[in-house]
Structure formats: C-alpha cells, structure tokens
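Novice: Dropping in model02.cif, which is mmCIF, C-alpha atoms:
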```cif
data_structure
#
loop_
_atom_site.label_atom_id
_atom_site.label_comp_id
_atom_site.auth_asym_id
_atom_site.auth_seq_id
_atom_site.Cartn_x
_atom_site.Cartn_y
_atom_site.Cartn_z
CA MET A 1 -10.61 -25.97 -1.18
CA ASN A 2 -9.06 -26.56 2.22
CA THR A 3 -11.67 -29.21 3.06
CA LEU A 4 -10.19 -31.67 0.56
CA PRO A 5 -8.90 -34.83 2.28
CA ASP A 6 -5.14 -35.09 2.51
CA ASP A 7 -2.60 -37.55 3.92
CA ASN A 8 -1.27 -37.52 7.47
CA SER A 9 2.29 -38.30 6.51
CA ALA A 10 5.30 -36.44 7.85
CA THR A 11 5.44 -34.41 4.69
CA GLU A 12 2.04 -32.92 5.43
CA ASN A 13 3.37 -31.71 8.79
CA GLY A 14 5.92 -29.54 7.06
CA ASN A 15 8.84 -31.98 7.04
CA LEU A 16 10.42 -30.92 3.76
CA ALA A 17 13.25 -33.37 4.08
CA GLY A 18 10.72 -36.18 4.29
CA ALA A 19 9.05 -34.85 1.19
CA ALA A 20 12.35 -34.95 -0.66
CA ASP A 21 12.85 -38.58 0.36
CA ALA A 22 9.48 -39.36 -1.22
CA VAL A 23 10.62 -37.99 -4.57
CA PHE A 24 14.35 -38.75 -4.69
CA GLU A 25 16.42 -41.88 -4.42
CA PRO A 26 18.15 -42.49 -1.07
CA GLY A 27 21.10 -40.18 -0.67
CA GLU A 28 19.87 -37.66 -3.22
CA THR A 29 18.99 -34.15 -2.13
CA PRO A 30 17.79 -31.35 -4.36
CA VAL A 31 20.14 -28.40 -4.56
CA GLU A 32 17.47 -26.16 -3.05
CA LEU A 33 17.71 -28.08 0.25
CA SER A 34 21.47 -27.65 0.60
CA GLY A 35 23.56 -24.55 1.31
CA HIS A 36 23.42 -21.57 -1.09
CA PRO A 37 20.16 -22.81 -2.63
CA TYR A 38 19.93 -20.14 -5.33
CA THR A 39 23.51 -20.05 -6.64
CA TRP A 40 22.75 -21.99 -9.81
CA HIS A 41 19.42 -20.24 -10.25
CA LEU A 42 21.25 -16.93 -10.39
CA ARG A 43 23.97 -18.24 -12.71
CA ILE A 44 21.44 -19.65 -15.16
CA PHE A 45 19.35 -16.50 -15.01
CA ALA A 46 22.46 -14.40 -15.68
CA LEU A 47 23.40 -16.59 -18.66
CA ALA A 48 19.84 -16.33 -19.99
CA ILE A 49 19.96 -12.52 -19.65
CA LEU A 50 23.33 -12.41 -21.44
CA ALA A 51 22.11 -14.57 -24.33
CA ARG A 52 18.96 -12.51 -24.68
CA GLY A 53 20.89 -9.27 -24.44
CA VAL A 54 23.17 -10.31 -27.30
CA TYR A 55 20.21 -11.37 -29.40
CA PHE A 56 18.25 -8.19 -28.64
CA PHE A 57 21.24 -6.06 -29.70
CA GLN A 58 21.37 -7.98 -32.99
CA TYR A 59 17.61 -7.55 -33.36
CA LEU A 60 17.91 -3.78 -32.98
CA GLN A 61 20.43 -3.70 -35.84
CA SER A 62 18.27 -5.85 -38.11
CA PRO A 63 15.38 -5.05 -40.50
CA LEU A 64 13.10 -6.92 -38.07
CA ASN A 65 13.32 -4.05 -35.59
CA GLY A 66 9.88 -2.45 -35.41
CA GLU A 67 8.52 -4.60 -38.24
CA LEU A 68 5.04 -5.95 -37.51
CA ARG A 69 3.27 -8.10 -40.06
CA VAL A 70 0.33 -10.51 -40.19
CA ASP A 71 -0.30 -12.01 -36.71
CA HIS A 72 2.24 -9.74 -35.03
CA ALA A 73 0.37 -6.67 -36.22
CA TYR A 74 -3.00 -8.26 -35.37
CA TYR A 75 -2.08 -8.86 -31.72
CA PHE A 76 -0.38 -5.49 -31.32
CA GLU A 77 -3.36 -3.59 -32.72
CA TRP A 78 -5.75 -5.64 -30.60
CA ALA A 79 -3.70 -4.87 -27.49
CA LYS A 80 -3.77 -1.15 -28.31
CA GLN A 81 -7.57 -1.28 -28.62
CA ILE A 82 -7.81 -2.89 -25.19
CA PHE A 83 -5.33 -0.35 -23.80
CA ALA A 84 -7.51 2.43 -25.22
CA GLY A 85 -10.48 1.15 -23.21
CA ASP A 86 -12.23 -1.39 -25.44
CA TRP A 87 -11.96 -4.25 -22.94
CA ILE A 88 -15.00 -6.22 -24.10
CA GLY A 89 -15.03 -5.94 -27.88
CA ARG A 90 -17.97 -6.65 -30.15
CA GLU A 91 -17.47 -10.09 -31.70
CA VAL A 92 -16.67 -13.62 -30.62
CA PHE A 93 -12.94 -14.14 -30.20
CA GLU A 94 -11.35 -15.55 -33.35
CA MET A 95 -7.82 -15.40 -31.96
CA SER A 96 -6.64 -16.45 -28.51
CA PRO A 97 -7.26 -13.59 -26.07
CA LEU A 98 -4.74 -13.97 -23.23
CA TYR A 99 -1.73 -12.53 -25.02
CA PRO A 100 -3.29 -9.24 -26.23
CA TYR A 101 -4.79 -8.65 -22.78
CA LEU A 102 -1.38 -9.29 -21.25
CA LEU A 103 0.18 -6.87 -23.73
CA ALA A 104 -2.45 -4.27 -22.85
CA GLY A 105 -1.62 -4.70 -19.16
CA MET A 106 2.06 -4.21 -19.93
CA MET A 107 1.18 -1.08 -21.92
CA HIS A 108 -0.50 0.36 -18.84
CA LEU A 109 2.79 -0.09 -16.97
CA ILE A 110 5.39 0.95 -19.57
CA GLY A 111 3.38 2.59 -22.36
CA VAL A 112 2.92 1.63 -26.00
CA LYS A 113 6.65 1.10 -26.52
CA LEU A 114 7.32 -1.87 -28.77
CA ASN A 115 10.92 -2.55 -27.79
CA TRP A 116 10.22 -2.22 -24.07
CA LEU A 117 7.41 -4.75 -24.44
CA ILE A 118 9.88 -7.12 -26.08
CA VAL A 119 12.44 -6.54 -23.30
CA THR A 120 9.76 -7.48 -20.76
CA GLN A 121 9.06 -10.69 -22.64
CA LEU A 122 12.78 -11.51 -22.72
CA LEU A 123 13.03 -11.00 -18.96
CA ILE A 124 10.06 -13.30 -18.36
CA GLY A 125 11.62 -15.91 -20.61
CA ALA A 126 14.94 -15.68 -18.76
CA GLY A 127 13.14 -16.32 -15.49
CA SER A 128 11.54 -19.48 -16.88
CA CYS A 129 15.01 -20.97 -17.44
CA THR A 130 15.49 -21.17 -13.67
CA LEU A 131 12.30 -23.23 -13.44
CA VAL A 132 13.72 -25.65 -16.02
CA TYR A 133 16.71 -26.05 -13.70
CA SER A 134 14.48 -26.57 -10.66
CA CYS A 135 12.34 -29.19 -12.42
CA ALA A 136 15.34 -31.14 -13.70
CA ASN A 137 16.91 -31.01 -10.23
CA ARG A 138 13.82 -32.58 -8.71
CA LEU A 139 13.47 -35.22 -11.42
CA PHE A 140 17.13 -36.17 -11.93
CA ASP A 141 20.29 -34.77 -10.31
CA LYS A 142 22.32 -31.58 -10.01
CA ARG A 143 24.47 -32.20 -13.09
CA THR A 144 21.43 -32.85 -15.28
CA ALA A 145 19.69 -29.81 -13.82
CA ILE A 146 22.63 -27.55 -14.63
CA LEU A 147 22.80 -28.87 -18.19
CA ALA A 148 19.04 -28.42 -18.65
CA GLY A 149 19.16 -24.87 -17.29
CA VAL A 150 22.10 -23.90 -19.49
CA VAL A 151 20.48 -25.35 -22.61
CA ALA A 152 17.24 -23.52 -21.82
CA ALA A 153 19.14 -20.26 -21.24
CA VAL A 154 20.74 -20.27 -24.71
CA TYR A 155 18.06 -22.12 -26.68
CA GLY A 156 17.72 -20.09 -29.87
CA PRO A 157 14.10 -20.76 -30.91
CA GLN A 158 12.81 -19.76 -27.48
CA ILE A 159 14.76 -16.48 -27.55
CA PHE A 160 13.56 -15.87 -31.11
CA TYR A 161 9.90 -16.08 -30.09
CA GLU A 162 10.41 -14.04 -26.95
CA CYS A 163 11.77 -11.23 -29.14
CA MET A 164 8.63 -10.80 -31.22
CA ILE A 165 5.07 -9.72 -30.58
CA MET A 166 3.57 -13.21 -30.69
CA LYS A 167 1.70 -15.38 -28.24
CA GLU A 168 4.01 -18.37 -28.78
CA PHE A 169 6.53 -17.18 -26.21
CA LEU A 170 4.01 -17.85 -23.44
CA SER A 171 3.37 -21.54 -24.19
CA PRO A 172 6.68 -22.99 -22.91
CA ILE A 173 6.64 -20.65 -19.92
CA LEU A 174 3.17 -21.71 -18.78
CA THR A 175 4.02 -25.36 -19.45
CA ILE A 176 7.14 -25.25 -17.28
CA VAL A 177 5.24 -23.41 -14.52
CA ALA A 178 2.61 -26.18 -14.52
CA THR A 179 5.34 -28.83 -14.43
CA TYR A 180 7.12 -27.09 -11.54
CA ALA A 181 3.85 -26.83 -9.60
CA ALA A 182 3.20 -30.55 -10.16
CA LEU A 183 6.62 -31.44 -8.79
CA ARG A 184 6.13 -29.22 -5.76
CA TYR A 185 2.72 -30.80 -5.23
CA SER A 186 4.35 -34.22 -4.96
CA GLU A 187 6.60 -33.01 -2.13
CA GLY A 188 3.72 -32.65 0.28
CA PRO A 189 3.67 -29.28 2.09
CA HIS A 190 1.09 -26.81 0.81
CA ARG A 191 -0.21 -29.50 -1.52
CA ILE A 192 -3.51 -27.71 -2.22
CA ARG A 193 -1.69 -24.50 -3.12
CA TRP A 194 0.28 -26.29 -5.83
CA LEU A 195 -2.83 -28.06 -7.09
CA CYS A 196 -4.44 -24.67 -7.60
CA MET A 197 -1.40 -23.44 -9.51
CA ILE A 198 -1.46 -26.49 -11.79
CA GLY A 199 -5.12 -26.00 -12.67
CA CYS A 200 -4.93 -22.24 -13.17
CA THR A 201 -1.76 -22.45 -15.25
CA ILE A 202 -3.26 -25.03 -17.62
CA GLY A 203 -6.38 -22.87 -17.87
CA LEU A 204 -4.31 -19.81 -18.79
CA ALA A 205 -2.38 -21.88 -21.33
CA CYS A 206 -5.70 -22.81 -22.96
CA LEU A 207 -6.23 -19.08 -23.51
CA ILE A 208 -3.05 -19.18 -25.63
CA ARG A 209 -3.91 -22.36 -27.52
CA GLU A 210 -6.92 -24.47 -26.65
CA ASN A 211 -5.03 -27.72 -27.22
CA HIS A 212 -3.13 -27.11 -23.98
CA ILE A 213 -6.13 -28.82 -22.38
CA LEU A 214 -4.25 -32.02 -23.22
CA LEU A 215 -1.82 -31.18 -20.40
CA LEU A 216 -4.48 -32.47 -18.03
CA ALA A 217 -3.62 -36.02 -19.15
CA PRO A 218 0.07 -36.24 -18.13
CA LEU A 219 -0.33 -34.00 -15.09
CA GLY A 220 -3.40 -35.96 -13.99
CA LEU A 221 -1.40 -39.17 -14.33
CA TRP A 222 1.35 -37.61 -12.24
CA ILE A 223 -1.12 -36.69 -9.50
CA TRP A 224 -2.34 -40.29 -9.49
CA THR A 225 0.95 -42.20 -9.68
CA ASN A 226 3.92 -40.10 -8.50
CA PRO A 227 5.88 -41.43 -5.48
CA GLY A 228 4.97 -38.45 -3.31
CA THR A 229 1.24 -39.32 -3.32
CA ARG A 230 1.35 -43.07 -2.85
CA THR A 231 0.23 -42.63 0.74
CA LEU A 232 -2.90 -40.78 -0.35
CA SER A 233 -6.13 -42.68 -0.74
CA ALA A 234 -7.61 -43.19 -4.18
CA ARG A 235 -10.51 -40.94 -3.20
CA THR A 236 -8.15 -38.13 -2.22
CA ARG A 237 -6.14 -38.40 -5.43
CA LEU A 238 -9.35 -38.37 -7.45
CA LEU A 239 -10.53 -35.25 -5.64
CA HIS A 240 -7.18 -33.62 -6.29
CA PHE A 241 -7.45 -34.31 -10.00
CA VAL A 242 -11.03 -33.01 -10.06
CA THR A 243 -9.75 -29.87 -8.35
CA VAL A 244 -7.14 -29.33 -11.07
CA ALA A 245 -9.66 -29.96 -13.87
CA SER A 246 -12.23 -27.66 -12.25
CA LEU A 247 -9.76 -24.81 -11.91
CA THR A 248 -8.62 -25.31 -15.50
CA PHE A 249 -12.15 -24.98 -16.83
CA SER A 250 -12.97 -22.13 -14.45
CA CYS A 251 -10.29 -20.05 -16.21
CA LEU A 252 -12.35 -20.37 -19.39
CA ILE A 253 -15.55 -19.04 -17.79
CA PRO A 254 -14.76 -15.32 -18.37
CA THR A 255 -14.15 -15.84 -22.10
CA ALA A 256 -17.24 -18.04 -22.45
CA VAL A 257 -19.43 -15.48 -20.65
CA ARG A 258 -17.95 -12.64 -22.67
CA ASN A 259 -18.47 -14.48 -25.96
CA TYR A 260 -22.06 -15.28 -25.05
CA ALA A 261 -22.71 -11.66 -24.07
CA VAL A 262 -21.57 -10.31 -27.44
CA SER A 263 -22.99 -13.05 -29.68
CA GLY A 264 -25.70 -15.01 -27.86
CA THR A 265 -23.85 -18.28 -28.61
CA PHE A 266 -21.66 -20.48 -26.43
CA VAL A 267 -17.99 -20.35 -27.43
CA ALA A 268 -15.55 -21.41 -24.70
CA VAL A 269 -12.54 -19.51 -26.07
CA THR A 270 -12.40 -18.90 -29.84
CA THR A 271 -14.01 -19.72 -33.13
CA GLY A 272 -11.85 -20.33 -36.16
CA GLY A 273 -10.57 -23.73 -35.16
CA GLY A 274 -12.57 -25.34 -37.94
CA GLU A 275 -10.93 -23.06 -40.48
CA VAL A 276 -7.48 -24.03 -39.26
CA PHE A 277 -8.48 -27.70 -39.37
CA TYR A 278 -9.63 -27.28 -42.96
CA MET A 279 -6.34 -25.66 -43.97
CA ALA A 280 -4.48 -28.58 -42.38
CA HIS A 281 -6.55 -31.34 -44.00
CA GLY A 282 -8.55 -29.81 -46.86
CA PRO A 283 -7.83 -30.23 -50.58
CA TYR A 284 -5.28 -27.39 -50.58
CA ALA A 285 -3.37 -28.61 -47.51
CA GLN A 286 0.42 -28.86 -47.58
CA PRO A 287 2.91 -29.97 -44.88
CA TYR A 288 3.48 -26.24 -44.28
CA TYR A 289 1.11 -23.29 -44.01
CA GLN A 290 -0.93 -22.99 -47.18
CA TRP A 291 -4.08 -20.90 -47.54
CA PRO A 292 -6.99 -21.82 -49.85
CA PRO A 293 -7.29 -19.72 -53.03
CA PHE A 294 -10.41 -17.97 -51.75
CA VAL A 295 -8.63 -16.70 -48.61
CA THR A 296 -6.37 -13.68 -48.18
CA PRO A 297 -3.42 -14.74 -45.97
CA ASP A 298 -3.92 -11.85 -43.56
CA PRO A 299 -5.29 -12.24 -39.99
CA PHE A 300 -7.36 -9.08 -40.48
CA ARG A 301 -9.17 -10.63 -43.48
CA GLU A 302 -8.79 -14.41 -43.61
CA HIS A 303 -11.61 -15.27 -41.19
CA GLU A 304 -14.02 -13.00 -43.04
CA ASP A 305 -12.95 -14.62 -46.32
CA PHE A 306 -13.74 -18.05 -44.88
CA ARG A 307 -17.19 -16.86 -43.78
CA ARG A 308 -17.87 -15.30 -47.17
CA GLU A 309 -16.99 -18.55 -48.97
CA ALA A 310 -19.03 -20.64 -46.50
CA THR A 311 -21.99 -18.32 -47.07
CA ARG A 312 -21.62 -18.71 -50.83
CA ARG A 313 -21.51 -22.51 -50.57
CA THR A 314 -24.39 -22.88 -48.14
CA GLY A 315 -26.56 -20.14 -49.56
CA ARG A 316 -27.16 -18.42 -46.23
CA PRO A 317 -25.27 -16.05 -43.90
CA LEU A 318 -23.27 -17.85 -41.20
CA THR A 319 -22.08 -16.68 -37.80
CA ARG A 320 -18.45 -17.07 -36.81
CA GLN A 321 -19.25 -20.25 -34.90
CA GLU A 322 -21.32 -21.70 -37.75
CA SER A 323 -18.57 -20.94 -40.25
CA SER A 324 -15.98 -22.67 -38.08
CA ALA A 325 -18.22 -25.74 -37.72
CA TYR A 326 -18.81 -25.83 -41.48
CA TRP A 327 -15.11 -25.83 -42.32
CA PHE A 328 -14.40 -28.45 -39.68
CA ARG A 329 -16.92 -30.76 -41.34
CA GLN A 330 -15.31 -30.06 -44.72
CA GLY A 331 -11.93 -31.04 -43.30
CA VAL A 332 -13.32 -34.26 -41.84
CA ASP A 333 -14.97 -35.12 -45.17
CA GLU A 334 -11.62 -34.68 -46.93
CA ILE A 335 -9.93 -37.02 -44.44
CA VAL A 336 -12.61 -39.67 -44.97
CA ARG A 337 -12.42 -39.40 -48.77
CA HIS A 338 -8.62 -39.41 -48.97
CA PRO A 339 -7.16 -41.35 -46.02
CA ALA A 340 -3.89 -42.17 -47.81
CA ARG A 341 -3.25 -38.50 -48.58
CA THR A 342 -4.06 -37.58 -44.98
CA ALA A 343 -1.58 -40.18 -43.71
CA ARG A 344 1.11 -38.88 -46.08
CA LEU A 345 0.50 -35.28 -45.00
CA THR A 346 0.67 -36.27 -41.33
CA ALA A 347 3.98 -38.07 -41.86
CA GLN A 348 5.42 -35.08 -43.72
CA LYS A 349 4.33 -32.72 -40.93
CA ALA A 350 5.92 -35.03 -38.36
CA LEU A 351 9.20 -34.85 -40.26
#
```
Is it possible to give me this structure as structure tokens?
Specialist:
Amino acid sequence: MNTLPDDNSATENGNLAGAADAVFEPGETPVELSGHPYTWHLRIFALAILARGVYFFQYLQSPLNGELRVDHAYYFEWAKQIFAGDWIGREVFEMSPLYPYLLAGMMHLIGVKLNWLIVTQLLIGAGSCTLVYSCANRLFDKRTAILAGVVAAVYGPQIFYECMIMKEFLSPILTIVATYAALRYSEGPHRIRWLCMIGCTIGLACLIRENHILLLAPLGLWIWTNPGTRTLSARTRLLHFVTVASLTFSCLIPTAVRNYAVSGTFVAVTTGGGEVFYMAHGPYAQPYYQWPPFVTPDPFREHEDFRREATRRTGRPLTRQESSAYWFRQGVDEIVRHPARTARLTAQKAL
C-alpha cells in the first residue's frame, strides 16, 4: 500500500495548514485547527446523549420495551446463536451478516442484555453526530457545522432506529465515517490511511445492505476531482480509486468464502435479493411493504415460502441462490409487461 505514488506538495510533508488551504476558501480555517478544537464536538456529543437519554427513558416506559418481532427477533436470535459458538452456520446468508456478528461481539462484552445492547447503540450513534459536525465544518463553515451537528444530535428517526435491534442504525454511521475519511484524504497527510478507511467502511456497509456499493461512485468522483488532489497525477488518482475499490471488495471475501464453504455456490453476501425485487415489482407490489399471498410475512419463514412456491412453479427443488434468481426474473418480466404500472409504483414510492 505504501508504494502507491503520491504528490510532493507541502501537504504531503505534514503541513496541515497547507492542506486546509487546499480545501477551504482563503481566510477560512476549520474549527479543529484553531484553539479549543473539541469544544463543539463535546457540546454536540452531550446534546446527542441528552436527546437519546430522554428517548431511552420514554422507551423503557413504553410497550416497545423488550418487544422483539419479525426482523428484530430474527437478528437477536441469530446473534445469540453466534454468541453460543455457531460462528459459521449451515446455510448461505439470506440476511445481511454484519449486524448479528456485531451484536454477538457486544454480547461477549456485556452479556445477552437487551437494554444494554440498545444503550451501546445509542452511544455509537451519539458519537457519529460529532462526525457530522466535522464534515460540515470542512465542507462549509463553523455556523453550518454547528447547525448540522445539532440537527444530527436531535434527529428523531436516527434515534428511533438506534433504540431497536435492527441493522438500519449502522447505515448512516458507516456512511458518515466514509465521508469523513474522504474529506481527511483530501487534506493530504496520511492520505493512504484515509483511503484504506474509505474502502473498508464501504465494504462493511455492503455487509449491512449490498446497495451501499453505490457509494463508490460519489466517493470515487471526490477522489478524482476534489481540490486537495488536483496536484496529483491522473495515474496516482486512478491508483487511489483502485485501492478504495479493492479494499471494498476485499471486505466481502470472508462472506463469499463462507457461503461457498457451506453451499458450494458463489454468493458474495446474501441471497434473497431476487425475492425482495419481486415484492417491489411483482403483481402484488404496493408502494409500501406487501407480501405475496403465498408468503408468510415472517423472516423465519418467508424465504422458505418463496423457495417452496418457486419449486412448485418450476417443478424441481431450488437452492437459495436459484430461488432468488428465479424471483428476480419474475420481477423483471412484470416490469417489461407493465411499464406504466412500474412507473406509477416508482413515483408513489418516491413520494
């Protein structure tokens, strides 16, 4: 990694002030480079903790406390299986694996204590609010950064997802970490270190939802065009992007190897995407979640129901991967046959 070509500008020699000049307009200085660099970080973190503390107290008094249904129960039970020693499993992943493995790791530290797991998630979420502040400070100015940090600290939907056993709370956190790393990359010093963080963070995000791979597009464009890398040669910038992409895909190697070991088929992360695609575009699709009549809306049963119906329609047993591919084709066929309906559904979902 350290053999990658890099520029010989002042920023590469550790001149952080020069790096700031490359990113900010003349006269602007990020708060981190002035006195008391962490004052607003601490204030925003404290506000985020306060907001989450109030919400958690309300949660404890509500019927939601300790209630685990559908996906929440699925991930919690999966994490307990991993915690009990079943690290490999026996089937191809049908649900994204990073979150249950993270939960299992947390269980090793604090035990199988539901509310303490939620508190840990809330603390992680509060920490991400300071990164929102840091990113806005680098992109805009101090006033905008403070506003962004405050909004992030009290943003209700984010707190809501942090206070439940669901993978969704990780998506914005990993996204803001990747964004922060990209901004630090543009400043110059330790450029390769930040490249590695960008690639690994996107890769981990893909283990939450595979469509996070799309983050390579805007972050790759940033690597190519941001003011802090204009002095780099085209070859160097290309190598930097290849580095990010390589690290992203390398994060998927363990799941691909594991899936191949248990099934003999190549599956990068999960199967089941075709089934989701069918529910979004098939004949029973609605602008909101709607399951087909042959499926039980339960994560412990729905994938098996899809395979059973695919087997009935094709006349032969199908693997998890084959079932997913079958339902994807059915969804595509429905789009081709009814383009106007597909366009209407897409517009309704956008609204």
Novice: In Å, rounded to a single decimal, give me how far atom CA of Phe249 of chain A is from atom CA of Ala217 of chain A.
Specialist: 14.1 Å
Novice: With all atoms listed in the file as the counted atoms, please give the residues lying no more than 9 Å from Ala256 of chain A, apart from itself and same-chain residues fewer than 6 positions off, as a ChimeraX atom specification.
Specialist: /A:266-270
Novice: For this file, the PyMOL selection byres ((chain A and resi 159-173) around 8) selects which residues, as a list of chain:residue names?
Specialist: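 On the file shown, the PyMOL selection byres ((chain A and resi 159-173) around 8) covers A:Arg52, A:Tyr55, A:Phe56, A:Leu68, A:Asp71, A:His72, A:Ala73, A:Tyr75, A:Phe76, A:Tyr99, A:Ile118, A:Val119, A:Gln121, A:Leu122, A:Gly125, A:Ser128, A:Val154, A:Tyr155, A:Gly156, A:Pro157, A:Gln158, A:Leu174, A:Thr175, A:Ile176, A:Val177, A:Ala205, A:Ile208.
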Novice: What is the atom CA of Ile223 of chain A-atom CA of Tyr185 of chain A distance in Å, reported with one decimal?
Specialist: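 Atom-to-atom, atom CA of Ile223 of chain A and atom CA of Tyr185 of chain A are spaced 8.2 Å apart.
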Novice: When you count all atoms listed in the file, which of these residues is closest to Gln81 of chain A: A:Leu98, A:Leu183, A:Leu103, A:Val276?
Specialist: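 Under the stated criterion, the closest residue is A:Leu103.
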Novice: Would you kindly return, as a list in words, each protein, DNA or RNA residue with an atom no farther than 10 Å from any atom of Trp224 of chain A, considering only C-alpha atoms and excluding same-chain residues fewer than 3 positions away?
Specialist: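 Counting only C-alpha atoms, the residues come to Pro218, Leu219, Gly220, Leu221, Pro227, Gly228, Thr229, Arg230, Leu232, Ser233, Ala234, Thr236, Arg237, Leu238, His240 and Phe241 of chain A.
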